[in-house]
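Have a look at the structure below, then the notes.
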Amino acid sequence: MTDANDVIDESERAFAAITARLQDFVSPTLQNAPASLSQYQDDPYRMDTMEWYQDELREEPLMTGSPKRTPLLQRADTPVMSNSSSKNQRKTTEGSFTHEPADENAVFMEEEDVVMEPVQTPMQRTFKPTGGASRTPPGSSTKTTYPKSSALNQNTFRRYHDALLGYLEAKRSLSQRLSLEQEEQQLTGGNALVPALGGASSSSVALAEQHEEENFCKALSQIGYSLSVHDSVCMEDGHFWCLLAMLRKIGLSALMWHDDSTSLTQNDSTQAFFLQQLAAKVESTPKEILEALKPSSQRQPPLALKRKFQLMSWIQCCLDQEESNFKSSLSRSVISAAPSRTHPDDPSIPSLVSETGASNVKLLMRACLNEIMEGKIVDACELAKAHGFTVKSCLWVGGEADGYKTIVDDRAQKVDKIAVGNPHRWLWKRRMSEAGRRLLQDKQQAFGSVSATTEEEAAIYSVLANDVTTALANPCLRNSWTKSLCVLLTGVWCRVEDEVLYRHNCNRRRSCRPAFPGCQYEKEENECLSETSQLAGMREAQIASTLQSNVFLQKKQHDEGSHRFPYRTAMMAFIIGRSAILDFCAEEVTKLVSDIKQSSINGQDDQDWKALRFVTHLLCFLESFQTSSTSIIIADITNQKNLVLFEYVKYLESRPDLWHFLTLYVSLLPDSTILEYLPSVLCKVLDTSERKLMMEQIRNLMLRLELPLLRRVVRLALSTEGLGYVGNESLDAVKCNSLEWLLQYEEHFGDALICTNILLRDFLLNEDEDKMDVAMDLINHILPEDFVDRAVQTLPEDMEQDHVSRVNDAHSEYLAYKKYLNAYGSFQIWKEVLKGTPTLVDRSEFVDTSTLNAIEGGIADQAVRRTWLKEKKQCFEKCLTAAISARGALHKVLTHPGGWLCTDDDEGISSHPGDDEELTRRAEMNKIRSRHLVLAVNLYHLVCSETASWISQSLDDTGSVGLSRDDLLSYLNGDASNTEMFWYEQCDELLPLVASDTFGIFRAFSPLDLKDLLSKIGETAVAELMNG
């Protein structure tokens, strides 16, 4: 009895020690990363958690202890271990199920931002989009609607835009840096150190480019994963960009993998030679051999092996992302294990499942299967142990290769080597493979009469044994594309491990007597290799073919529908290599463009815009490789990018809430397309702040096209047909405000001056309505005060002489318009003054002198005359001031140096033969001159004649107060302008002025206009004689 108690106590103590040790292990996450990694917390894109986690696992053994069978393990298959009635054991097994999923892929994932509703920008309120398949016709009452999907909201497009903008800016900065270094190298060509420095600089630039390209893929992967909460399709989008990030991390050659037969053969030869060298190290332990296969800072295996390992790591990350929701829900559930008298790990007693809870145990096995497929066997074992499945957990770790773990004992100042792993690994794999097949067969034949967890257990055994055929036949794996691919990629890598360990054991058996421990299973080794022979040399194209032939995946794909974008095909294309990438891009570009055009013809809006966005950013990313320091030329990628990008730009145009993202994507189009397309979009921007924002974007992204682009924008906006629908805004106001495009920077003032004249000519030539007030408002309130002088003074020094000449001509033309509009404004003021100033003084308020005596009447008459004279003087001053101002302003127009708007080559404004715009300008100026110069002459005559008439009528009122005309003129200081003769004389001087060759006014007159003028001057002469 005592011996039995001692054995039980020994078992309990051993179990408690192992449990305590396992609990010390903390699954690494970003929250408990080492302090050395704290520098990356501000930028989540800069930390590759997957690599760090794998390094940690390589340093931390999966299982401690000696390979010898300890007393604890000898008793592990007894009920005592897993059904101990001690209090410590009960606390361990009856706890809640709080599994913490590992945060391996934290670099690609962040919490989902709050879904933002589309921002109502001023552009949404003031215009409708034009151009493209989704154009809203001018005047249409169709209301713009915005998609409710989080994948198509404004915030999501902003994240894509910002990621691409940051990437392109970084690439441009690196390109400039490399150019400067090359120039410096050329300038210091005599220095012997220059070649070495130049090589180092190129290498650092290439490394920085790799970092930026990897970060861009991580950013897009993060967006996809964050959107997967609302849209499951976006999960595959995240997987794709995660794949590109992980492949780009090990090199551009790994991303754009050469899959031609020559390259594949060369890669196979390099891999075989490396494995042969590795297997020849008979003194190395199997653990050290397997560690040498994996890339690290100290070890660099061939690129083919690095790529296989990276692909396996990627698919494990993808599986972790897909199962994150399941893990979160599982961590909140509670699984209580009911006490049992028998062992819960005995598969021959299905009644035990009901004791524990069949559904809960199935969830537990599923969680353990996911952890194992993600490469986290230690986590799976801890999870199983925490819920009473100790024997299963001990079984699962048998695949670790045997070796030693080094532990530094600081207190004893020594280094200990502890044996770890399983020297009977090959025998263990055979047993796992057999168990997996047997359980799956029992499940298929028994139809539910066996344990509910049989499928998951069978899958675990098959995955651990690298039995790909059995694993892909398992119902819990075969219906999932990600899990099936994970089985295949993991199987290929494990096959490489088995091959190198087999060769290693063969070398040990040949060279060492007695053989090393673990080399006695040659039969099992051959059996294992024979069972996985289909994985030997399996290439990526064969993996894709295996997945395509999976009838279960085909059925699932059929159920999902043909409208679903083939993200999986895209991933497999990059897994296979370059030729598959080119085929995928060509096929999808053709299909997308065709579908969009067909949808436009049919008037439908069922296009997958997420797919368009995906392909757009992918092609932009691939095209950027052609301008890298280590450039890769991809056939026809630029043409494909331009086709898809233009469709994407038109989609952004169809949504006003996305217009401020347009400039970046348009800047990636060919220059000719930009100049043809973008002005029609920009001329609709009516808000000043939006114009300023887009101007800054144009300056940052398209500086080379800034001025030609803005010239087209303003000219198109000034044309009536270019504006289309402008909402509630006045068409004239829109045209005037469009000049703001050229008023943001002083170096554009010269072009702004030219366009201002175009608009002024449009106003002055309008025959339907009077635009003079609008033209005067433009000059007096919209344009800067010193605009005309700054336009000439701020011309760039490198400006072409022809353009300088145009600006100078525009300067003279603008001054002529300004002078005329000022004169017209003065005339309007005079007209209102004359209309509101009476010629007769109102005497209704004067004192009635009829009832007064002679003395009182005389005093009252004097008071009346003083009041009358005072009011009359005020009227004269008011009217004559306005008349003099109007006559002077009009006289300046008529006496404009060289003639007002004279287009003769020798009389002011030069010509630019062969220029259509200049020819149009000259023709319009001639029309304006023939209309408004004639009008100015007539206005001049009208001011003089009507002012003379007003004076004559005003002087005739002197008799009403007992005064003469001379008395009134004397009282008005005897100024000549107070007499009607002065104004008649001004009329007389008009005819010689018109006939003068100095100003060429008569050239603007038609015979009919000249006849009318002569008639008016004749009438004035008659009036002068009658008043003289």
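Simple scheme: letters A, B, ... for chains in structure tokens order, numbers from 1 for residues in each chain, numbers from 1 for ligands in the order shown.
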
- Give me the residues within 12 Å of Leu815 in chain A as a VMD selection string, counting only C-alpha atoms and dropping any in the same chain fewer than 6 places off. chain A and resid 753 756 to 757 760 779 787 to 789 808 to 809 821 to 822 892 to 893 896 to 897 900 to 901

Take the residues just selected and output them with N, CA and C atoms as a PDB file, in the first residue's frame.
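Output saved as selection-v3.pdb:
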ATOM      1  N   LEU A 753      -3.238  86.284 -66.312  1.00  0.00           N
ATOM      2  CA  LEU A 753      -3.551  87.528 -67.016  1.00  0.00           C
ATOM      3  C   LEU A 753      -4.089  87.238 -68.418  1.00  0.00           C
ATOM      4  N   THR A 756      -7.560  85.928 -68.000  1.00  0.00           N
ATOM      5  CA  THR A 756      -8.467  87.002 -67.603  1.00  0.00           C
ATOM      6  C   THR A 756      -8.948  87.782 -68.821  1.00  0.00           C
ATOM      7  N   ASN A 757      -8.033  88.035 -69.732  1.00  0.00           N
ATOM      8  CA  ASN A 757      -8.423  88.732 -70.957  1.00  0.00           C
ATOM      9  C   ASN A 757      -9.394  87.898 -71.792  1.00  0.00           C
ATOM     10  N   LEU A 760     -12.684  88.427 -70.152  1.00  0.00           N
ATOM     11  CA  LEU A 760     -13.191  89.783 -70.393  1.00  0.00           C
ATOM     12  C   LEU A 760     -13.703  89.926 -71.823  1.00  0.00           C
ATOM     13  N   ILE A 779     -12.660  92.674 -62.156  1.00  0.00           N
ATOM     14  CA  ILE A 779     -11.447  93.486 -62.032  1.00  0.00           C
ATOM     15  C   ILE A 779     -11.328  94.117 -60.652  1.00  0.00           C
ATOM     16  N   PHE A 787      -2.432  92.905 -59.314  1.00  0.00           N
ATOM     17  CA  PHE A 787      -2.360  91.707 -60.144  1.00  0.00           C
ATOM     18  C   PHE A 787      -1.616  91.962 -61.451  1.00  0.00           C
ATOM     19  N   VAL A 788      -1.964  93.028 -62.169  1.00  0.00           N
ATOM     20  CA  VAL A 788      -1.411  93.246 -63.506  1.00  0.00           C
ATOM     21  C   VAL A 788       0.087  93.508 -63.462  1.00  0.00           C
ATOM     22  N   ASP A 789       0.555  94.238 -62.442  1.00  0.00           N
ATOM     23  CA  ASP A 789       1.997  94.505 -62.344  1.00  0.00           C
ATOM     24  C   ASP A 789       2.761  93.248 -61.936  1.00  0.00           C
ATOM     25  N   ASN A 808       3.275  90.256 -72.202  1.00  0.00           N
ATOM     26  CA  ASN A 808       3.362  91.706 -72.397  1.00  0.00           C
ATOM     27  C   ASN A 808       2.169  92.216 -73.210  1.00  0.00           C
ATOM     28  N   ASP A 809       1.810  91.473 -74.231  1.00  0.00           N
ATOM     29  CA  ASP A 809       0.624  91.848 -75.007  1.00  0.00           C
ATOM     30  C   ASP A 809      -0.628  91.803 -74.135  1.00  0.00           C
ATOM     31  N   LEU A 821     -13.526  99.837 -68.780  1.00  0.00           N
ATOM     32  CA  LEU A 821     -14.511  99.496 -67.757  1.00  0.00           C
ATOM     33  C   LEU A 821     -14.611 100.570 -66.691  1.00  0.00           C
ATOM     34  N   ASN A 822     -13.496 101.211 -66.374  1.00  0.00           N
ATOM     35  CA  ASN A 822     -13.548 102.337 -65.441  1.00  0.00           C
ATOM     36  C   ASN A 822     -14.363 103.487 -66.032  1.00  0.00           C
ATOM     37  N   LYS A 892      -9.815 109.252 -71.971  1.00  0.00           N
ATOM     38  CA  LYS A 892      -8.613 108.422 -71.854  1.00  0.00           C
ATOM     39  C   LYS A 892      -8.723 107.175 -72.731  1.00  0.00           C
ATOM     40  N   VAL A 893      -9.925 106.640 -72.818  1.00  0.00           N
ATOM     41  CA  VAL A 893     -10.119 105.484 -73.692  1.00  0.00           C
ATOM     42  C   VAL A 893      -9.876 105.876 -75.143  1.00  0.00           C
ATOM     43  N   HIS A 896      -6.204 106.456 -75.903  1.00  0.00           N
ATOM     44  CA  HIS A 896      -5.308 105.400 -75.416  1.00  0.00           C
ATOM     45  C   HIS A 896      -4.060 105.346 -76.296  1.00  0.00           C
ATOM     46  N   PRO A 897      -2.872 105.285 -75.719  1.00  0.00           N
ATOM     47  CA  PRO A 897      -1.645 105.291 -76.526  1.00  0.00           C
ATOM     48  C   PRO A 897      -1.650 104.168 -77.556  1.00  0.00           C
ATOM     49  N   TRP A 900      -6.933 102.361 -78.794  1.00  0.00           N
ATOM     50  CA  TRP A 900      -7.529 101.391 -77.868  1.00  0.00           C
ATOM     51  C   TRP A 900      -7.766 100.064 -78.593  1.00  0.00           C
ATOM     52  N   LEU A 901      -7.102  98.981 -78.075  1.00  0.00           N
ATOM     53  CA  LEU A 901      -7.186  97.633 -78.641  1.00  0.00           C
ATOM     54  C   LEU A 901      -6.814  97.596 -80.116  1.00  0.00           C
TER      55      LEU A 901
END

- Considering only C-alpha atoms, state which residue in the set A:Ala401, A:Ile674, A:Ala544, A:Leu383 is at the smallest distance from Ile575 in chain A. A:Ala544

- Item | Point-to-point distance in Å for CA of Asp957 in chain A and CA of Tyr940 in chain A | 26.5 Å

Using only C-alpha atoms, determine which residues lie at most 8 Å from Tyr984 in chain A, disregarding the query and same-chain residues fewer than 6 positions distant; provide the list as an mmCIF file with all heavy atoms, in the first residue's frame.
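Below you can see result_5.cif, which holds the result:
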data_model
loop_
_atom_site.group_PDB
_atom_site.id
_atom_site.type_symbol
_atom_site.label_atom_id
_atom_site.label_comp_id
_atom_site.auth_asym_id
_atom_site.auth_seq_id
_atom_site.Cartn_x
_atom_site.Cartn_y
_atom_site.Cartn_z
ATOM 1 N N CYS A 944 -21.393 114.840 -72.956
ATOM 2 C CA CYS A 944 -21.202 116.266 -73.224
ATOM 3 C C CYS A 944 -22.526 116.938 -73.601
ATOM 4 O O CYS A 944 -22.862 118.017 -73.097
ATOM 5 C CB CYS A 944 -20.186 116.452 -74.347
ATOM 6 S SG CYS A 944 -18.525 115.891 -73.915
ATOM 7 N N SER A 945 -23.286 116.317 -74.491
ATOM 8 C CA SER A 945 -24.526 116.963 -74.962
ATOM 9 C C SER A 945 -25.574 117.012 -73.857
ATOM 10 O O SER A 945 -26.260 118.031 -73.669
ATOM 11 C CB SER A 945 -25.059 116.203 -76.172
ATOM 12 O OG SER A 945 -25.340 114.856 -75.848
ATOM 13 N N ALA A 948 -24.625 119.585 -71.284
ATOM 14 C CA ALA A 948 -24.901 120.938 -71.777
ATOM 15 C C ALA A 948 -26.391 121.245 -71.700
ATOM 16 O O ALA A 948 -26.805 122.352 -71.311
ATOM 17 C CB ALA A 948 -24.396 121.077 -73.201
ATOM 18 N N THR A 1020 -25.990 118.646 -82.257
ATOM 19 C CA THR A 1020 -25.345 119.382 -81.166
ATOM 20 C C THR A 1020 -24.921 120.770 -81.646
ATOM 21 O O THR A 1020 -25.032 121.764 -80.902
ATOM 22 C CB THR A 1020 -24.123 118.602 -80.668
ATOM 23 O OG1 THR A 1020 -24.533 117.289 -80.304
ATOM 24 C CG2 THR A 1020 -23.513 119.278 -79.466
ATOM 25 N N ALA A 1021 -24.451 120.855 -82.870
ATOM 26 C CA ALA A 1021 -24.043 122.159 -83.405
ATOM 27 C C ALA A 1021 -25.226 123.101 -83.525
ATOM 28 O O ALA A 1021 -25.134 124.297 -83.233
ATOM 29 C CB ALA A 1021 -23.363 121.959 -84.760
ATOM 30 N N GLU A 1024 -26.029 124.327 -80.158
ATOM 31 C CA GLU A 1024 -25.032 125.311 -79.737
ATOM 32 C C GLU A 1024 -25.352 126.681 -80.312
ATOM 33 O O GLU A 1024 -25.240 127.701 -79.623
ATOM 34 C CB GLU A 1024 -23.640 124.839 -80.173
ATOM 35 C CG GLU A 1024 -22.529 125.788 -79.760
ATOM 36 C CD GLU A 1024 -21.177 125.329 -80.226
ATOM 37 O OE1 GLU A 1024 -21.101 124.250 -80.910
ATOM 38 O OE2 GLU A 1024 -20.177 126.000 -79.928
#

- Residues of range 466-601 of chain A in alpha helix (DSSP H), written as a PyMOL selection string: chain A and resi 468-473+475-478+481-511+522-531+540-548+551-560+567-576+578-601

Just the selected residues (C-alpha atoms), exported as a CSV table (one decimal), in the first residue's frame, please.
chain,number,residue,atom,x,y,z
A,468,VAL,CA,-0.8,14.8,-47.2
A,469,THR,CA,-3.1,12.3,-49.1
A,470,THR,CA,-5.0,11.4,-45.9
A,471,ALA,CA,-5.1,14.9,-44.7
A,472,LEU,CA,-6.6,16.2,-47.9
A,473,ALA,CA,-9.3,13.5,-47.7
A,475,PRO,CA,-13.7,16.5,-44.2
A,476,CYS,CA,-12.4,19.1,-41.7
A,477,LEU,CA,-9.6,20.1,-44.1
A,478,ARG,CA,-10.7,19.3,-47.7
A,481,TRP,CA,-8.8,26.3,-49.6
A,482,THR,CA,-6.4,27.8,-47.0
A,483,LYS,CA,-6.1,24.6,-45.0
A,484,SER,CA,-5.6,22.5,-48.1
A,485,LEU,CA,-2.9,24.8,-49.3
A,486,CYS,CA,-1.4,24.8,-45.8
A,487,VAL,CA,-1.2,21.0,-45.8
A,488,LEU,CA,0.5,21.0,-49.2
A,489,LEU,CA,3.1,23.7,-48.5
A,490,THR,CA,3.8,22.3,-45.1
A,491,GLY,CA,4.1,18.8,-46.6
A,492,VAL,CA,6.6,20.0,-49.2
A,493,TRP,CA,8.8,21.6,-46.5
A,494,CYS,CA,8.5,18.5,-44.2
A,495,ARG,CA,9.5,16.3,-47.1
A,496,VAL,CA,12.7,18.4,-47.5
A,497,GLU,CA,13.3,17.9,-43.8
A,498,ASP,CA,12.8,14.1,-44.1
A,499,GLU,CA,15.1,13.9,-47.1
A,500,VAL,CA,17.9,15.6,-45.4
A,501,LEU,CA,17.5,13.7,-42.2
A,502,TYR,CA,17.4,10.4,-44.1
A,503,ARG,CA,20.6,11.3,-45.9
A,504,HIS,CA,22.1,12.3,-42.6
A,505,ASN,CA,21.2,9.0,-41.0
A,506,CYS,CA,22.5,7.1,-44.0
A,507,ASN,CA,25.8,8.9,-43.7
A,508,ARG,CA,25.9,8.2,-40.0
A,509,ARG,CA,25.1,4.5,-40.6
A,510,ARG,CA,27.9,4.2,-43.2
A,511,SER,CA,30.6,6.2,-41.3
A,522,GLU,CA,15.9,2.5,-41.7
A,523,LYS,CA,12.9,0.5,-42.6
A,524,GLU,CA,10.5,3.1,-41.2
A,525,GLU,CA,12.5,5.8,-42.9
A,526,ASN,CA,12.0,4.2,-46.3
A,527,GLU,CA,8.4,3.6,-45.6
A,528,CYS,CA,7.8,7.3,-44.6
A,529,LEU,CA,9.7,8.5,-47.7
A,530,SER,CA,7.8,6.1,-49.9
A,531,GLU,CA,4.4,7.3,-48.6
A,540,GLU,CA,4.4,25.1,-57.1
A,541,ALA,CA,2.6,24.5,-60.3
A,542,GLN,CA,1.8,21.0,-59.2
A,543,ILE,CA,0.5,22.3,-55.9
A,544,ALA,CA,-1.9,24.6,-57.8
A,545,SER,CA,-2.9,21.7,-60.0
A,546,THR,CA,-3.7,19.5,-56.9
A,547,LEU,CA,-5.9,22.2,-55.5
A,548,GLN,CA,-7.7,22.7,-58.8
A,551,VAL,CA,-13.7,18.3,-56.2
A,552,PHE,CA,-14.7,19.7,-52.8
A,553,LEU,CA,-13.0,23.0,-53.5
A,554,GLN,CA,-14.6,23.1,-57.0
A,555,LYS,CA,-18.0,22.6,-55.5
A,556,LYS,CA,-17.4,25.3,-53.0
A,557,GLN,CA,-16.2,27.7,-55.7
A,558,HIS,CA,-19.3,26.9,-57.8
A,559,ASP,CA,-21.5,27.7,-54.8
A,560,GLU,CA,-19.7,31.0,-54.2
A,567,TYR,CA,-8.0,36.3,-55.3
A,568,ARG,CA,-6.9,32.7,-54.9
A,569,THR,CA,-5.8,32.5,-58.5
A,570,ALA,CA,-3.8,35.6,-57.9
A,571,MET,CA,-2.1,34.1,-54.9
A,572,MET,CA,-1.3,30.9,-56.8
A,573,ALA,CA,0.1,32.9,-59.7
A,574,PHE,CA,2.7,34.5,-57.4
A,575,ILE,CA,3.3,31.2,-55.7
A,576,ILE,CA,4.0,29.6,-59.1
A,578,ARG,CA,6.6,34.9,-63.3
A,579,SER,CA,4.8,33.3,-66.2
A,580,ALA,CA,1.7,32.7,-64.1
A,581,ILE,CA,1.8,36.3,-62.9
A,582,LEU,CA,1.9,37.6,-66.5
A,583,ASP,CA,-0.9,35.3,-67.6
A,584,PHE,CA,-3.1,36.3,-64.6
A,585,CYS,CA,-2.5,40.0,-65.1
A,586,ALA,CA,-3.3,39.8,-68.9
A,587,GLU,CA,-6.4,37.7,-68.3
A,588,GLU,CA,-7.9,39.8,-65.5
A,589,VAL,CA,-7.2,43.2,-67.1
A,590,THR,CA,-9.0,42.1,-70.3
A,591,LYS,CA,-11.9,40.7,-68.3
A,592,LEU,CA,-12.2,43.7,-66.0
A,593,VAL,CA,-12.2,46.3,-68.8
A,594,SER,CA,-14.6,44.3,-70.9
A,595,ASP,CA,-17.0,43.9,-67.9
A,596,ILE,CA,-16.9,47.6,-67.1
A,597,LYS,CA,-17.7,48.5,-70.7
A,598,GLN,CA,-20.5,46.0,-70.9
A,599,SER,CA,-22.0,47.3,-67.7
A,600,SER,CA,-21.8,50.8,-69.0
A,601,ILE,CA,-23.6,49.8,-72.2

Residue neighbourhood Leu264 in chain A, 12 Å, only C-alpha atoms, exclusion window fewer than 5 positions, as a compact mmCIF listing (two decimals) with all heavy atoms, in the first residue's frame:
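Saved to part35.txt:
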# COMPACT_ATOMS: atom_id res chain seq x y z
N TRP A 257 9.37 35.08 -59.22
CA TRP A 257 10.08 33.81 -59.31
C TRP A 257 10.12 33.32 -60.76
O TRP A 257 9.09 33.26 -61.44
CB TRP A 257 9.37 32.79 -58.44
CG TRP A 257 10.04 31.47 -58.31
CD1 TRP A 257 9.61 30.28 -58.81
CD2 TRP A 257 11.26 31.19 -57.61
NE1 TRP A 257 10.46 29.27 -58.48
CE2 TRP A 257 11.50 29.79 -57.74
CE3 TRP A 257 12.17 31.95 -56.91
CZ2 TRP A 257 12.60 29.17 -57.17
CZ3 TRP A 257 13.27 31.33 -56.35
CH2 TRP A 257 13.48 29.97 -56.48
N HIS A 258 11.31 32.97 -61.20
CA HIS A 258 11.47 32.45 -62.57
C HIS A 258 11.07 30.98 -62.56
O HIS A 258 11.74 30.14 -61.96
CB HIS A 258 12.92 32.61 -63.03
CG HIS A 258 13.31 34.03 -63.29
ND1 HIS A 258 13.00 34.68 -64.47
CD2 HIS A 258 13.96 34.93 -62.52
CE1 HIS A 258 13.45 35.93 -64.42
NE2 HIS A 258 14.04 36.11 -63.25
N ASP A 259 9.96 30.69 -63.25
CA ASP A 259 9.44 29.32 -63.25
C ASP A 259 9.64 28.62 -64.57
O ASP A 259 8.97 27.61 -64.85
CB ASP A 259 7.95 29.33 -62.90
CG ASP A 259 7.14 30.20 -63.84
OD1 ASP A 259 7.73 31.10 -64.47
OD2 ASP A 259 5.92 30.01 -63.94
N SER A 269 19.06 21.84 -58.58
CA SER A 269 20.46 21.42 -58.43
C SER A 269 21.11 22.11 -57.24
O SER A 269 21.83 21.48 -56.45
CB SER A 269 21.23 21.71 -59.71
OG SER A 269 20.65 21.04 -60.82
N THR A 270 20.86 23.40 -57.11
CA THR A 270 21.44 24.15 -55.99
C THR A 270 20.90 23.63 -54.66
O THR A 270 21.67 23.47 -53.70
CB THR A 270 21.10 25.64 -56.14
OG1 THR A 270 21.54 26.11 -57.41
CG2 THR A 270 21.77 26.45 -55.05
N GLN A 271 19.63 23.33 -54.62
CA GLN A 271 19.03 22.82 -53.39
C GLN A 271 19.59 21.44 -53.05
O GLN A 271 19.93 21.16 -51.89
CB GLN A 271 17.51 22.75 -53.53
CG GLN A 271 16.80 22.12 -52.37
CD GLN A 271 15.30 22.08 -52.56
OE1 GLN A 271 14.70 23.07 -52.98
NE2 GLN A 271 14.68 20.94 -52.26
N LEU A 303 18.04 30.15 -52.24
CA LEU A 303 16.81 30.92 -52.34
C LEU A 303 15.60 30.01 -52.49
O LEU A 303 14.51 30.32 -51.99
CB LEU A 303 16.90 31.87 -53.53
CG LEU A 303 15.70 32.81 -53.75
CD1 LEU A 303 15.48 33.69 -52.52
CD2 LEU A 303 15.90 33.66 -54.98
N ALA A 304 15.75 28.87 -53.16
CA ALA A 304 14.62 27.95 -53.34
C ALA A 304 14.12 27.45 -51.99
O ALA A 304 12.90 27.36 -51.75
CB ALA A 304 15.03 26.78 -54.23
N GLY A 537 10.17 16.73 -54.87
CA GLY A 537 10.32 17.56 -56.05
C GLY A 537 9.04 18.21 -56.51
O GLY A 537 8.98 18.71 -57.65
N MET A 538 7.99 18.17 -55.69
CA MET A 538 6.73 18.83 -56.09
C MET A 538 6.95 20.33 -56.20
O MET A 538 7.40 20.98 -55.26
CB MET A 538 5.62 18.54 -55.07
CG MET A 538 4.31 19.24 -55.40
SD MET A 538 2.97 18.86 -54.24
CE MET A 538 2.41 17.30 -54.91
N ARG A 539 6.61 20.86 -57.34
CA ARG A 539 6.79 22.28 -57.58
C ARG A 539 5.48 23.02 -57.38
O ARG A 539 4.42 22.41 -57.24
CB ARG A 539 7.33 22.51 -58.99
CG ARG A 539 8.77 22.02 -59.14
CD ARG A 539 9.24 21.97 -60.56
NE ARG A 539 10.64 21.56 -60.66
CZ ARG A 539 11.25 21.21 -61.78
NH1 ARG A 539 10.57 21.21 -62.92
NH2 ARG A 539 12.52 20.86 -61.77
N GLU A 540 5.59 24.32 -57.40
CA GLU A 540 4.43 25.14 -57.08
C GLU A 540 3.30 24.94 -58.07
O GLU A 540 2.12 24.99 -57.70
CB GLU A 540 4.84 26.62 -57.01
CG GLU A 540 5.74 26.99 -55.84
CD GLU A 540 7.19 26.58 -56.03
OE1 GLU A 540 7.51 26.07 -57.13
OE2 GLU A 540 7.99 26.76 -55.09
N ALA A 541 3.63 24.75 -59.33
CA ALA A 541 2.59 24.53 -60.33
C ALA A 541 1.82 23.25 -60.06
O ALA A 541 0.61 23.16 -60.28
CB ALA A 541 3.20 24.49 -61.74
N ILE A 576 3.42 30.30 -57.97
CA ILE A 576 4.02 29.55 -59.08
C ILE A 576 5.21 30.29 -59.67
O ILE A 576 6.30 29.75 -59.79
CB ILE A 576 2.95 29.29 -60.17
CG1 ILE A 576 1.87 28.36 -59.62
CG2 ILE A 576 3.59 28.70 -61.42
CD1 ILE A 576 0.69 28.20 -60.54
N GLY A 577 5.01 31.56 -60.07
CA GLY A 577 6.14 32.29 -60.62
C GLY A 577 5.76 33.28 -61.70
O GLY A 577 4.58 33.58 -61.93
N ARG A 578 6.75 33.75 -62.39
CA ARG A 578 6.62 34.89 -63.29
C ARG A 578 5.64 34.66 -64.44
O ARG A 578 4.80 35.52 -64.73
CB ARG A 578 8.02 35.21 -63.85
CG ARG A 578 8.09 36.48 -64.68
CD ARG A 578 9.46 36.62 -65.30
NE ARG A 578 9.59 37.86 -66.03
CZ ARG A 578 10.27 38.92 -65.62
NH1 ARG A 578 10.87 38.89 -64.45
NH2 ARG A 578 10.35 40.01 -66.35

- Item | Distance query His424 in chain A at most 10 Å, only C-alpha atoms, self and fewer than 6 positions along chain excluded, as a ChimeraX atom specification | /A:67,398-402,517-521

Export of the given selection (N, CA, C and O atoms) as a compact mmCIF listing (two decimals), in the first residue's frame:
# COMPACT_ATOMS: atom_id res chain seq x y z
N PRO A 67 16.00 12.29 -23.59
CA PRO A 67 15.30 11.34 -24.45
C PRO A 67 14.99 10.03 -23.74
O PRO A 67 14.17 9.25 -24.21
N GLY A 398 6.10 14.44 -30.48
CA GLY A 398 7.10 13.45 -30.84
C GLY A 398 7.81 13.73 -32.15
O GLY A 398 8.78 13.05 -32.48
N GLY A 399 7.38 14.70 -32.89
CA GLY A 399 8.01 14.97 -34.18
C GLY A 399 9.23 15.87 -34.10
O GLY A 399 9.85 16.15 -35.12
N GLU A 400 9.59 16.31 -32.91
CA GLU A 400 10.75 17.19 -32.78
C GLU A 400 12.02 16.37 -32.93
O GLU A 400 12.19 15.32 -32.30
N ALA A 401 12.92 16.84 -33.77
CA ALA A 401 14.19 16.15 -33.97
C ALA A 401 15.03 16.23 -32.71
O ALA A 401 15.02 17.23 -31.98
N ASP A 402 15.78 15.14 -32.44
CA ASP A 402 16.57 15.11 -31.22
C ASP A 402 17.82 15.95 -31.37
O ASP A 402 18.37 16.11 -32.45
N PRO A 517 22.31 6.98 -31.98
CA PRO A 517 20.93 6.66 -31.58
C PRO A 517 19.93 7.31 -32.53
O PRO A 517 20.11 8.43 -32.96
N GLY A 518 18.90 6.53 -32.86
CA GLY A 518 17.88 7.03 -33.77
C GLY A 518 18.10 6.63 -35.20
O GLY A 518 17.27 6.91 -36.06
N CYS A 519 19.24 5.96 -35.51
CA CYS A 519 19.53 5.54 -36.89
C CYS A 519 19.08 4.11 -37.16
O CYS A 519 19.36 3.58 -38.24
N GLN A 520 18.45 3.48 -36.21
CA GLN A 520 18.09 2.08 -36.35
C GLN A 520 16.76 1.86 -37.04
O GLN A 520 16.30 0.72 -37.15
N TYR A 521 16.13 2.95 -37.52
CA TYR A 521 14.80 2.81 -38.12
C TYR A 521 14.86 3.01 -39.63
O TYR A 521 14.08 3.76 -40.20
